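*Asks:* My structure is in model.cif, and what it holds is mmCIF, C-alpha atoms:
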data_final
loop_
_atom_site.label_atom_id
_atom_site.label_comp_id
_atom_site.auth_asym_id
_atom_site.auth_seq_id
_atom_site.Cartn_x
_atom_site.Cartn_y
_atom_site.Cartn_z
CA MET A 1 147.20 180.90 -13.25
CA LEU A 2 146.96 177.21 -12.31
CA SER A 3 144.32 176.19 -9.80
CA ASP A 4 145.24 174.25 -6.66
CA SER A 5 143.86 171.08 -8.23
CA SER A 6 145.90 171.63 -11.40
CA THR A 7 149.05 172.22 -9.37
CA SER A 8 148.37 169.12 -7.29
CA GLY A 9 147.76 167.06 -10.42
CA ALA A 10 151.02 168.21 -12.01
CA ALA A 11 152.91 167.38 -8.81
CA ASN A 12 151.37 163.92 -8.71
CA GLN A 13 152.36 163.33 -12.34
CA MET A 14 155.93 164.36 -11.54
CA ARG A 15 156.05 162.01 -8.56
CA ALA A 16 154.60 159.17 -10.63
CA ARG A 17 157.13 159.71 -13.40
CA GLU A 18 160.04 159.83 -10.93
CA TYR A 19 158.76 156.64 -9.29
CA ASN A 20 158.53 154.86 -12.63
CA GLU A 21 162.02 155.99 -13.63
CA ARG A 22 163.41 154.67 -10.35
CA LEU A 23 161.47 151.44 -10.85
CA LEU A 24 163.02 150.85 -14.28
CA LEU A 25 166.52 151.67 -13.09
CA SER A 26 166.11 149.42 -10.04
CA LEU A 27 164.84 146.50 -12.15
CA ILE A 28 167.69 146.84 -14.63
CA ARG A 29 170.25 147.13 -11.84
CA ARG A 30 168.95 143.97 -10.19
CA HIS A 31 168.85 141.89 -13.37
CA GLY A 32 171.87 143.33 -15.19
CA SER A 33 170.00 144.00 -18.44
CA LEU A 34 166.39 143.81 -19.59
CA SER A 35 164.47 144.34 -22.79
CA SER A 36 161.42 146.60 -22.95
CA ALA A 37 159.20 143.50 -22.96
CA ASP A 38 160.94 142.16 -19.84
CA ILE A 39 160.47 145.50 -18.12
CA ALA A 40 156.78 145.50 -19.00
CA LYS A 41 156.30 142.04 -17.47
CA ARG A 42 158.07 142.99 -14.24
CA SER A 43 156.75 146.54 -13.82
CA GLY A 44 153.17 146.32 -15.05
CA LEU A 45 153.64 149.54 -17.03
CA SER A 46 152.35 149.96 -20.56
CA ALA A 47 154.67 149.65 -23.53
CA GLN A 48 154.06 153.32 -24.38
CA ALA A 49 154.95 154.50 -20.87
CA ILE A 50 158.08 152.37 -20.85
CA SER A 51 159.15 153.76 -24.22
CA VAL A 52 158.83 157.34 -22.98
CA ILE A 53 160.76 156.62 -19.78
CA ILE A 54 163.53 154.75 -21.59
CA ARG A 55 163.95 157.62 -24.03
CA SER A 56 164.24 160.07 -21.15
CA LEU A 57 166.77 157.94 -19.26
CA GLU A 58 168.83 157.48 -22.43
CA ASN A 59 168.86 161.23 -22.99
CA ASP A 60 170.12 161.64 -19.42
CA GLY A 61 172.95 159.23 -20.17
CA LEU A 62 171.78 156.63 -17.64
CA LEU A 63 170.94 153.73 -20.00
CA LEU A 64 172.74 151.96 -22.82
CA ARG A 65 171.24 149.89 -25.62
CA GLY A 66 172.88 146.54 -26.37
CA ASP A 67 173.00 144.61 -29.62
CA PRO A 68 169.63 143.29 -30.83
CA VAL A 69 168.80 139.72 -29.81
CA ARG A 70 166.79 137.87 -32.44
CA GLY A 71 164.20 135.33 -31.39
CA ARG A 72 162.29 132.80 -33.45
CA VAL A 73 159.44 135.20 -34.21
CA GLY A 74 158.77 138.90 -34.14
CA GLN A 75 161.10 141.85 -33.89
CA PRO A 76 164.49 141.42 -32.19
CA SER A 77 164.64 142.55 -28.57
CA ILE A 78 167.19 145.12 -27.46
CA PRO A 79 168.68 144.66 -24.00
CA LEU A 80 168.99 147.80 -21.90
CA SER A 81 171.64 148.16 -19.22
CA LEU A 82 172.88 150.85 -16.87
CA ASN A 83 175.53 153.16 -18.30
CA PRO A 84 178.58 152.85 -16.03
CA ASP A 85 179.43 156.50 -16.77
CA GLY A 86 175.87 157.64 -16.08
CA ALA A 87 176.56 158.53 -12.45
CA PHE A 88 179.32 158.33 -9.88
CA SER A 89 179.33 158.24 -6.12
CA ILE A 90 181.99 158.46 -3.41
CA GLY A 91 182.07 156.38 -0.23
CA LEU A 92 184.08 157.17 2.89
CA LYS A 93 184.48 154.59 5.68
CA ILE A 94 185.87 155.90 8.95
CA GLY A 95 186.85 153.00 11.17
CA ARG A 96 188.66 152.38 14.41
CA ARG A 97 191.79 151.11 12.63
CA SER A 98 191.54 152.60 9.13
CA VAL A 99 189.89 155.11 6.84
CA GLU A 100 188.95 154.14 3.29
CA LEU A 101 187.61 156.04 0.30
CA THR A 102 186.12 154.56 -2.86
CA MET A 103 184.45 155.97 -5.96
CA LEU A 104 181.89 153.78 -7.70
CA ASP A 105 180.33 154.14 -11.12
CA PHE A 106 176.62 153.58 -11.79
CA THR A 107 177.03 149.79 -12.03
CA GLY A 108 179.13 149.49 -8.86
CA GLY A 109 182.48 149.40 -10.66
CA ASN A 110 185.35 150.71 -8.56
CA ARG A 111 186.90 153.73 -10.31
CA TYR A 112 189.10 154.97 -7.46
CA SER A 113 190.11 153.69 -4.05
CA ALA A 114 192.50 154.62 -1.26
CA HIS A 115 192.96 153.63 2.35
CA LEU A 116 195.02 154.59 5.36
CA ARG A 117 195.72 152.38 8.37
CA TYR A 118 196.27 153.86 11.82
CA ARG A 119 196.30 152.87 15.49
CA TYR A 120 193.23 154.99 16.16
CA PRO A 121 191.29 157.66 14.20
CA ARG A 122 192.28 161.30 14.66
CA ILE A 123 190.08 163.99 13.16
CA LYS A 124 192.92 165.94 11.55
CA GLU A 125 194.41 162.85 9.94
CA VAL A 126 191.06 161.66 8.58
CA MET A 127 190.14 165.07 7.15
CA GLU A 128 193.57 165.47 5.55
CA PHE A 129 193.15 162.03 3.97
CA LEU A 130 189.76 163.03 2.57
CA ARG A 131 191.05 166.37 1.26
CA GLU A 132 194.01 164.69 -0.44
CA HIS A 133 191.91 162.16 -2.32
CA ILE A 134 189.09 164.52 -3.24
CA ASP A 135 191.78 166.73 -4.79
CA LYS A 136 193.14 163.71 -6.69
CA ILE A 137 189.70 162.80 -7.99
CA ASN A 138 189.10 166.38 -9.10
CA LYS A 139 192.44 166.32 -10.92
CA ASP A 140 192.31 162.84 -12.48
CA PHE A 141 188.73 162.68 -13.75
CA ALA A 142 187.23 164.55 -16.70
CA ALA A 143 184.89 167.47 -16.09
CA GLU A 144 181.87 165.59 -17.45
CA GLN A 145 182.56 162.74 -15.00
CA LEU A 146 182.94 165.10 -12.04
CA GLU A 147 179.62 166.70 -12.93
CA ARG A 148 177.97 163.28 -12.57
CA ILE A 149 179.12 162.70 -8.99
CA VAL A 150 175.82 162.61 -7.08
CA GLY A 151 177.12 162.62 -3.51
CA ILE A 152 179.36 161.18 -0.86
CA GLY A 153 178.21 158.53 1.60
CA VAL A 154 179.94 158.27 4.96
CA SER A 155 179.86 155.21 7.20
CA MET A 156 181.33 154.93 10.67
CA PRO A 157 180.52 153.24 13.95
CA PHE A 158 177.88 155.13 15.90
CA GLU A 159 179.50 156.82 18.91
CA LEU A 160 183.00 156.21 17.57
CA TRP A 161 184.47 157.85 20.68
CA LYS A 162 183.41 154.94 22.85
CA TRP A 163 185.50 151.77 23.26
CA ALA A 164 188.72 153.78 23.52
CA ASP A 165 190.08 151.48 26.23
CA GLN A 166 189.51 148.36 24.17
CA THR A 167 191.40 149.75 21.17
CA GLY A 168 194.19 151.39 23.16
CA ALA A 169 193.28 154.89 21.93
CA PRO A 170 193.70 158.01 24.10
CA VAL A 171 190.29 158.88 25.58
CA GLU A 172 190.76 162.63 25.05
CA ASP A 173 191.53 162.18 21.34
CA MET A 174 188.50 159.96 20.80
CA LEU A 175 186.17 162.31 22.68
CA GLU A 176 186.93 165.01 20.09
CA TRP A 177 184.74 163.04 17.67
CA LYS A 178 181.76 163.55 19.97
CA SER A 179 181.68 167.33 19.40
CA PHE A 180 183.12 167.46 15.87
CA ASP A 181 180.64 168.46 13.14
CA LEU A 182 181.70 165.93 10.53
CA SER A 183 178.94 166.89 8.11
CA SER A 184 180.09 170.51 7.99
CA GLY A 185 183.72 169.47 7.72
CA ILE A 186 183.05 167.27 4.70
CA SER A 187 180.74 169.86 3.10
CA GLU A 188 183.66 172.30 3.07
CA LEU A 189 185.55 169.90 0.80
CA VAL A 190 182.80 168.83 -1.61
CA ASP A 191 179.91 170.51 -3.44
CA TYR A 192 177.55 167.53 -3.40
CA PRO A 193 175.21 166.03 -0.79
CA VAL A 194 176.60 164.10 2.19
CA PHE A 195 174.86 160.96 3.52
CA PHE A 196 175.56 159.08 6.76
CA GLU A 197 175.03 155.47 7.83
CA ASN A 198 176.27 153.04 10.44
CA ASP A 199 179.31 151.19 9.08
CA MET A 200 177.90 147.70 9.59
CA THR A 201 174.55 148.56 8.03
CA ALA A 202 176.48 149.92 5.06
CA ALA A 203 178.52 146.71 4.80
CA CYS A 204 175.35 144.63 4.91
CA GLY A 205 173.86 146.80 2.16
CA ALA A 206 176.93 146.26 -0.03
CA GLU A 207 176.62 142.49 0.41
CA LEU A 208 172.95 142.76 -0.53
CA MET A 209 173.56 144.85 -3.65
CA PHE A 210 176.79 143.32 -4.96
CA GLY A 211 177.26 140.02 -3.14
CA ARG A 212 175.03 137.27 -1.77
CA GLY A 213 171.91 139.40 -2.25
CA SER A 214 171.76 138.22 -5.85
CA GLU A 215 171.07 134.66 -4.65
CA LEU A 216 169.50 135.08 -1.19
CA SER A 217 166.30 136.88 -0.25
CA ASP A 218 167.01 136.80 3.48
CA PHE A 219 170.06 136.29 5.69
CA ILE A 220 171.70 137.27 8.96
CA TYR A 221 174.96 139.08 8.28
CA PHE A 222 178.12 139.16 10.42
CA PHE A 223 181.10 141.41 9.65
CA ILE A 224 184.33 140.76 11.55
CA GLY A 225 186.02 144.12 12.06
CA THR A 226 187.87 145.63 15.00
CA PHE A 227 184.53 144.86 16.68
CA ILE A 228 182.04 142.44 15.17
CA GLY A 229 178.79 143.89 13.83
CA GLY A 230 176.21 142.94 11.28
CA GLY A 231 172.82 143.36 9.71
CA VAL A 232 169.53 141.69 8.85
CA VAL A 233 168.21 141.17 5.32
CA ILE A 234 164.54 140.28 4.84
CA ASN A 235 162.79 140.06 1.46
CA HIS A 236 165.80 141.51 -0.40
CA SER A 237 165.94 144.52 1.94
CA VAL A 238 168.08 145.58 4.86
CA PHE A 239 165.85 145.67 7.93
CA ARG A 240 166.86 148.45 10.32
CA GLY A 241 164.30 148.01 13.08
CA ARG A 242 162.39 150.49 15.21
CA THR A 243 165.43 152.60 16.17
CA GLY A 244 167.77 151.62 13.34
CA ASN A 245 169.63 149.18 15.58
CA ALA A 246 168.52 145.86 14.07
CA GLY A 247 171.44 143.60 13.33
CA ALA A 248 173.48 144.70 16.36
CA VAL A 249 174.85 141.17 16.53
CA GLY A 250 177.90 142.17 18.56
CA SER A 251 175.61 142.85 21.52
CA MET A 252 174.10 139.36 21.51
CA PRO A 253 174.69 137.51 24.79
CA ALA A 254 177.49 134.97 24.53
CA THR A 255 177.58 132.51 27.41
CA ALA A 256 178.54 129.27 25.68
CA GLY A 257 180.99 127.46 27.95
CA SER A 258 180.95 130.27 30.52
CA ILE A 259 178.68 131.78 33.14
CA GLU A 260 180.21 135.24 32.73
CA GLU A 261 178.02 138.02 31.39
CA LYS A 262 179.66 138.66 28.04
CA GLN A 263 178.64 139.45 24.48
CA LEU A 264 179.58 138.14 21.05
CA VAL A 265 181.76 141.22 20.57
CA ASP A 266 184.02 139.94 23.38
CA PHE A 267 184.88 136.75 21.49
CA ALA A 268 184.49 137.26 17.72
CA SER A 269 186.20 140.61 17.16
CA ILE A 270 189.67 141.33 15.80
CA VAL A 271 190.39 143.36 18.93
CA GLU A 272 190.20 140.09 20.90
CA LEU A 273 192.75 138.56 18.55
CA GLU A 274 194.92 141.65 19.08
CA ARG A 275 194.75 141.05 22.82
CA LYS A 276 195.97 137.50 22.38
CA VAL A 277 198.86 138.64 20.15
CA ARG A 278 199.91 141.33 22.64
CA ALA A 279 199.90 138.76 25.43
CA GLN A 280 202.65 136.97 23.47
CA ASN A 281 204.67 140.23 23.24
CA LYS A 282 204.10 140.44 19.48
CA ASP A 283 203.11 143.41 17.33
CA PRO A 284 199.32 143.35 16.66
CA SER A 285 199.52 145.88 13.79
CA LEU A 286 199.82 142.90 11.43
CA LEU A 287 196.09 142.42 12.01
CA TRP A 288 195.12 145.91 10.86
CA ASP A 289 195.43 145.05 7.17
CA SER A 290 193.66 142.01 5.73
CA SER A 291 196.10 141.92 2.81
CA ASN A 292 198.85 140.86 5.25
CA ASP A 293 199.85 137.24 5.71
CA TRP A 294 198.80 136.08 9.19
CA SER A 295 200.65 132.75 8.98
CA SER A 296 203.32 133.90 11.44
CA ILE A 297 200.66 133.88 14.19
CA SER A 298 198.69 130.92 12.84
CA ALA A 299 198.49 129.11 16.18
CA THR A 300 196.96 132.18 17.84
CA VAL A 301 194.61 132.72 14.92
CA ASP A 302 193.49 129.08 15.09
CA GLU A 303 192.77 129.46 18.81
CA TRP A 304 190.73 132.61 18.13
CA ILE A 305 188.80 130.88 15.31
CA ASP A 306 187.94 127.96 17.59
CA THR A 307 186.48 130.30 20.22
CA ALA A 308 184.84 132.77 17.82
CA SER A 309 183.18 130.04 15.74
CA GLY A 310 181.61 128.49 18.80
CA HIS A 311 179.98 131.74 19.84
CA LEU A 312 179.02 132.57 16.25
CA SER A 313 177.20 129.25 15.91
CA VAL A 314 175.16 129.99 19.04
CA ALA A 315 174.36 133.52 17.79
CA ILE A 316 173.24 132.12 14.42
CA THR A 317 171.03 129.53 16.10
CA SER A 318 169.43 132.18 18.30
CA SER A 319 168.82 134.42 15.28
CA CYS A 320 167.19 131.61 13.31
CA ALA A 321 164.89 130.84 16.24
CA VAL A 322 163.43 134.35 15.85
CA LEU A 323 163.53 134.75 12.06
CA ASP A 324 163.72 131.70 9.83
CA PHE A 325 166.87 132.78 7.95
CA SER A 326 167.94 130.61 5.05
CA ALA A 327 171.58 131.56 5.55
CA ALA A 328 174.13 133.27 7.73
CA VAL A 329 176.74 135.28 5.80
CA ILE A 330 180.09 135.90 7.49
CA ASP A 331 182.53 138.45 6.09
CA GLY A 332 185.15 140.76 7.47
CA ASP A 333 188.37 142.68 7.25
CA ILE A 334 190.40 139.48 7.50
CA PRO A 335 192.44 137.41 4.99
CA SER A 336 190.40 135.15 2.72
CA ASN A 337 192.00 131.98 4.09
CA VAL A 338 191.18 133.01 7.66
CA LEU A 339 187.60 133.80 6.63
CA ALA A 340 187.28 130.39 4.96
CA ASP A 341 188.56 128.66 8.11
CA LEU A 342 186.18 130.67 10.31
CA VAL A 343 183.19 129.85 8.10
CA GLY A 344 184.11 126.16 8.04
CA ALA A 345 184.60 126.02 11.81
CA THR A 346 181.30 127.81 12.43
CA GLU A 347 179.50 125.34 10.18
CA GLU A 348 180.99 122.41 12.12
CA LYS A 349 180.12 123.97 15.49
CA LEU A 350 176.56 124.55 14.30
CA LYS A 351 176.16 120.85 13.55
CA GLN A 352 176.99 120.08 17.17
CA LEU A 353 174.16 122.21 18.55
CA ASN A 354 170.61 121.08 19.27
CA LEU A 355 168.63 122.46 16.33
CA THR A 356 165.38 120.68 17.12
CA GLY A 357 162.50 122.73 15.73
CA LEU A 358 164.77 124.81 13.51
CA ASN A 359 165.78 124.66 9.86
CA GLN A 360 169.56 124.62 9.69
CA PRO A 361 170.77 127.67 7.74
CA SER A 362 173.62 127.65 5.24
CA ILE A 363 176.85 129.20 6.53
CA LEU A 364 178.41 131.24 3.72
CA ALA A 365 181.37 133.54 3.25
CA GLY A 366 180.58 137.06 2.08
CA TYR A 367 181.70 138.18 -1.36
CA ILE A 368 182.80 141.76 -0.65
CA GLY A 369 185.42 141.54 2.10
CA SER A 370 187.24 144.49 3.61
CA GLU A 371 185.77 146.98 1.10
CA ALA A 372 182.16 146.31 2.13
CA ARG A 373 181.80 149.33 4.42
CA ALA A 374 183.21 151.82 1.90
CA MET A 375 181.20 150.31 -0.97
CA GLY A 376 178.03 150.40 1.12
CA SER A 377 178.74 154.06 1.86
CA ALA A 378 179.08 154.86 -1.83
CA CYS A 379 175.72 153.19 -2.52
CA LEU A 380 173.84 155.72 -0.39
CA PRO A 381 173.85 158.67 -2.82
CA LEU A 382 173.09 156.44 -5.83
CA ILE A 383 170.12 154.89 -4.06
CA SER A 384 168.84 158.25 -2.87
CA ARG A 385 169.05 159.80 -6.34
CA TYR A 386 168.14 157.03 -8.75
CA LEU A 387 166.81 153.82 -7.21
CA LEU A 388 163.55 152.76 -5.64
CA ASP A 389 164.72 150.93 -2.61
CA GLN A 390 166.43 153.64 -0.54
CA SER A 391 163.70 153.53 2.09
CA VAL A 392 163.95 149.78 2.59
CA LEU A 393 167.60 149.11 1.81
CA PHE A 394 169.09 151.71 4.10
CA GLY A 395 166.04 152.98 5.94
CA THR A 396 166.38 156.62 6.83
CA ALA A 397 170.03 157.19 6.00
CA ARG A 398 170.84 160.68 7.18
CA SER A 399 171.59 163.33 4.59
CA SER A 400 172.98 166.81 5.11
#
Would it be possible to restate this file's structure as C-alpha cells?
*Replies:*
Amino acid sequence: MLSDSSTSGAANQMRAREYNERLLLSLIRRHGSLSSADIAKRSGLSAQAISVIIRSLENDGLLLRGDPVRGRVGQPSIPLSLNPDGAFSIGLKIGRRSVELTMLDFTGGNRYSAHLRYRYPRIKEVMEFLREHIDKINKDFAAEQLERIVGIGVSMPFELWKWADQTGAPVEDMLEWKSFDLSSGISELVDYPVFFENDMTAACGAELMFGRGSELSDFIYFFIGTFIGGGVVINHSVFRGRTGNAGAVGSMPATAGSIEEKQLVDFASIVELERKVRAQNKDPSLLWDSSNDWSSISATVDEWIDTASGHLSVAITSSCAVLDFSAAVIDGDIPSNVLADLVGATEEKLKQLNLTGLNQPSILAGYIGSEARAMGSACLPLISRYLLDQSVLFGTARSS
C-alpha cells in the first residue's frame, strides 16, 4: 500500500507531466510548428523530457511530424505541428439578433457552421436550432471524429433578458431566459462538457488566438454588435478583472458634444443604427446580417459612423490614459466596407483630440468579424482540455 508521501509524489508527477504537455501544445499552437530543439529553447525542458512528451502526444493523435529540414551541420530538424484531427470543439453563440454554431478542429479550422437570424431570441427556437445541428454533426462526421469532440462552449450576453425595450423584444419572452437552466438543456443534447463565457470576452479571445494576437501583445478591443462590447488584452492574455467585467467598454461614459448622461453603447451600437433606419420608415432587418449590402442606406450608415467614431476615439483615448495600449482593435458583425470606414473615421477623429502625455495607439480592424463570438466559444473546451493559458485567456470560464 502506498504511503501518503508516495501518493502525493505520484500526484505531483502527474500534474507536472500534464503541465508540460500543455506547455508544448501551447507553444506549438502559438508558433504554428516547432522542432524539438526550438521547444527546448522556449520551454527550458530537457531533450529527454521533450522526447517522452512528444511521443505521448503523437500516440494520442495530437501532433504531426513534418518533413525533415536540413541545416548546414548536424542532424535535420523535424517540425512538429498540431494535428487538425486531434481534437474538435463546438461553439454556440446566443445573441440578441442571431444564434450561431461552429465546430473547430484542433488548429482552429472551421469544420461546420450554421446560423439563424431572428428579431429576438426565444428559448424554444434556440434549442431547436442546437438540436438540429448537433444531429447533423452526429450524422455527417465519422465516429472517430465524434469521439474527439472535447466539449461545447457557449457565449451569450450576461443577463440576456435585459435591454428588451431597446431591441423591441417582448419583455415576457425575454424574462424566460432568467429562469431557464441553459446548462441542463444543452446537457440533454450532448454527452460532453459545457462551458460558458460572456459573448464579448469570447470574441476578444478569438481575436487574441486567431487574429491580431499574433502581432500584438496588448490592445483594447471593441466589438460592434447589437450593443457594443469589448475586452482587454495584456501580455498576450485576456484580462477579466476582479469580477470578470473588465472590457465593458459599452458602459464607458460618452459625453463628447453633449452634456447628457449617456454611454458608448448609446452611440456605437447597431441598435442605434436600427433606430435611425426605423425613423425613416425603412426595414432595419437588413442590419441583422453582415453579409447583406448596406449601400441602400449608405447616407444613414455614414451619419452613424460619424457619430460612433467620435465617441470611439474618446473611449480609446480614455483607455490609453489608464493602460498604455499599443493598439485599439475594432471589429463587429458589420460588412467589411463599413468596418473599414468606421476604423478610418475613428483614426481621423483620434488625431483631432488632445493626446498630450499619451502615446497614440494604432487603430486596427479585427481579423475575425461576425464569427468571433462563436469561434471564441469553441476555444473554451480546447483551452480547458489541452492548453496552458485557460486561466489567463478566459479567466474562470464556467463549466458544467
*Asks:* Using the chain letters and numbers from this file, what does the PyMOL selection byres ((chain A and resi 204) around 10) select? Give the answer as an MDAnalysis selection string.
*Replies:* chainID A and resid 199:203 205:209 211:213 219:223 229:233 237:238 247 329 331 366 368 372:373 376 393:394
*Asks:* Take atom CA of A:Ser362 and atom CA of A:Ile224 and report the distance between them in Å, one decimal.
*Replies:*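 Result for atom CA of A:Ser362 versus atom CA of A:Ile224: 18.1 Å, one decimal.
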*Asks:* Would you mind reading off the distance between atom CA of A:Arg119 and atom CA of A:Trp288, one decimal, in Å?
*Replies:* 8.4 Å
*Asks:* Please evaluate the PyMOL selection byres ((chain A and resi 135-139) around 10) against the displayed coordinates and give the resulting residues as a ChimeraX atom specification.
*Replies:* /A:90,103,111-113,130-134,140-143,145-146,189-190
*Asks:* Give me, please, the distance in Å between atom CA of A:Ile123 and atom CA of A:Arg385, quoted to one decimal.
*Replies:* 29.0 Å
*Asks:* Rank A:Gly32, A:Gly44, A:Pro121, A:Gly91 by their smallest atom-to-atom distance to A:Glu172, using all atoms listed in the file, and report the top residue only.
*Replies:* A:Pro121
*Asks:* Got a sec: who's within 8 Å of stretch 290-294 of chain A, counting all atoms listed in the file, leaving out chain neighbours fewer than 2 positions off, as a compact mmCIF listing (two decimals) with C-alpha atoms, in the frame of the given file?
*Replies:*
# COMPACT_ATOMS: atom_id res chain seq x y z
CA LEU A 286 199.82 142.90 11.43
CA LEU A 287 196.09 142.42 12.01
CA TRP A 288 195.12 145.91 10.86
CA SER A 296 203.32 133.90 11.44
CA ILE A 297 200.66 133.88 14.19
CA SER A 298 198.69 130.92 12.84
CA VAL A 301 194.61 132.72 14.92
CA ASP A 333 188.37 142.68 7.25
CA ILE A 334 190.40 139.48 7.50
CA PRO A 335 192.44 137.41 4.99
CA SER A 370 187.24 144.49 3.61
*Asks:* Residues within 6 Å of (178.8, 154.2, -3.8), file coordinates, counting only C-alpha atoms: what are they? Give the list as a list of chain:residue names.
*Replies:*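 It turns out the residues near that spot are A:Ser89, A:Ile90, A:Gly91, A:Leu104, A:Met375, A:Ser377, A:Ala378, A:Cys379.
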*Asks:* If you keep C-alpha atoms, can you produce a file of those selected residues as a PDB file, keeping the file's coordinate frame?
*Replies:*
ATOM      1  CA  SER A  89     179.330 158.240  -6.120  1.00  0.00           C
ATOM      2  CA  ILE A  90     181.990 158.460  -3.410  1.00  0.00           C
ATOM      3  CA  GLY A  91     182.070 156.380  -0.230  1.00  0.00           C
ATOM      4  CA  LEU A 104     181.890 153.780  -7.700  1.00  0.00           C
ATOM      5  CA  MET A 375     181.200 150.310  -0.970  1.00  0.00           C
ATOM      6  CA  SER A 377     178.740 154.060   1.860  1.00  0.00           C
ATOM      7  CA  ALA A 378     179.080 154.860  -1.830  1.00  0.00           C
ATOM      8  CA  CYS A 379     175.720 153.190  -2.520  1.00  0.00           C
TER       9      CYS A 379
END
*Asks:* Please identify all polymer residues lying at most 12 Å from the point (166.8, 132.0, 15.2) (file coordinates), using all atoms listed in the file, and present the result as a ChimeraX atom specification.
*Replies:* /A:219-220,232,313-328,355-361
*Asks:* With distances taken over only C-alpha atoms, which of A:Gly369, A:Gly86, A:Gly151, A:Pro170 is nearest to A:Ser384?
*Replies:*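 Using only C-alpha atoms, the shortest distance to A:Ser384 belongs to A:Gly151.
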*Asks:* With only C-alpha atoms as the counted atoms, please give the residues lying no more than 8 Å from A:Ile94, apart from itself and same-chain residues fewer than 5 positions off, as an mmCIF file with C-alpha atoms, in the frame of the given file.
*Replies:*
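So the final result, stored in out.cif, reads:
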data_model
loop_
_atom_site.group_PDB
_atom_site.id
_atom_site.type_symbol
_atom_site.label_atom_id
_atom_site.label_comp_id
_atom_site.auth_asym_id
_atom_site.auth_seq_id
_atom_site.Cartn_x
_atom_site.Cartn_y
_atom_site.Cartn_z
ATOM 1 C CA VAL A 99 189.890 155.110 6.840
ATOM 2 C CA GLU A 100 188.950 154.140 3.290
ATOM 3 C CA PRO A 121 191.290 157.660 14.200
ATOM 4 C CA VAL A 126 191.060 161.660 8.580
ATOM 5 C CA VAL A 154 179.940 158.270 4.960
ATOM 6 C CA SER A 155 179.860 155.210 7.200
ATOM 7 C CA MET A 156 181.330 154.930 10.670
ATOM 8 C CA PRO A 157 180.520 153.240 13.950
#
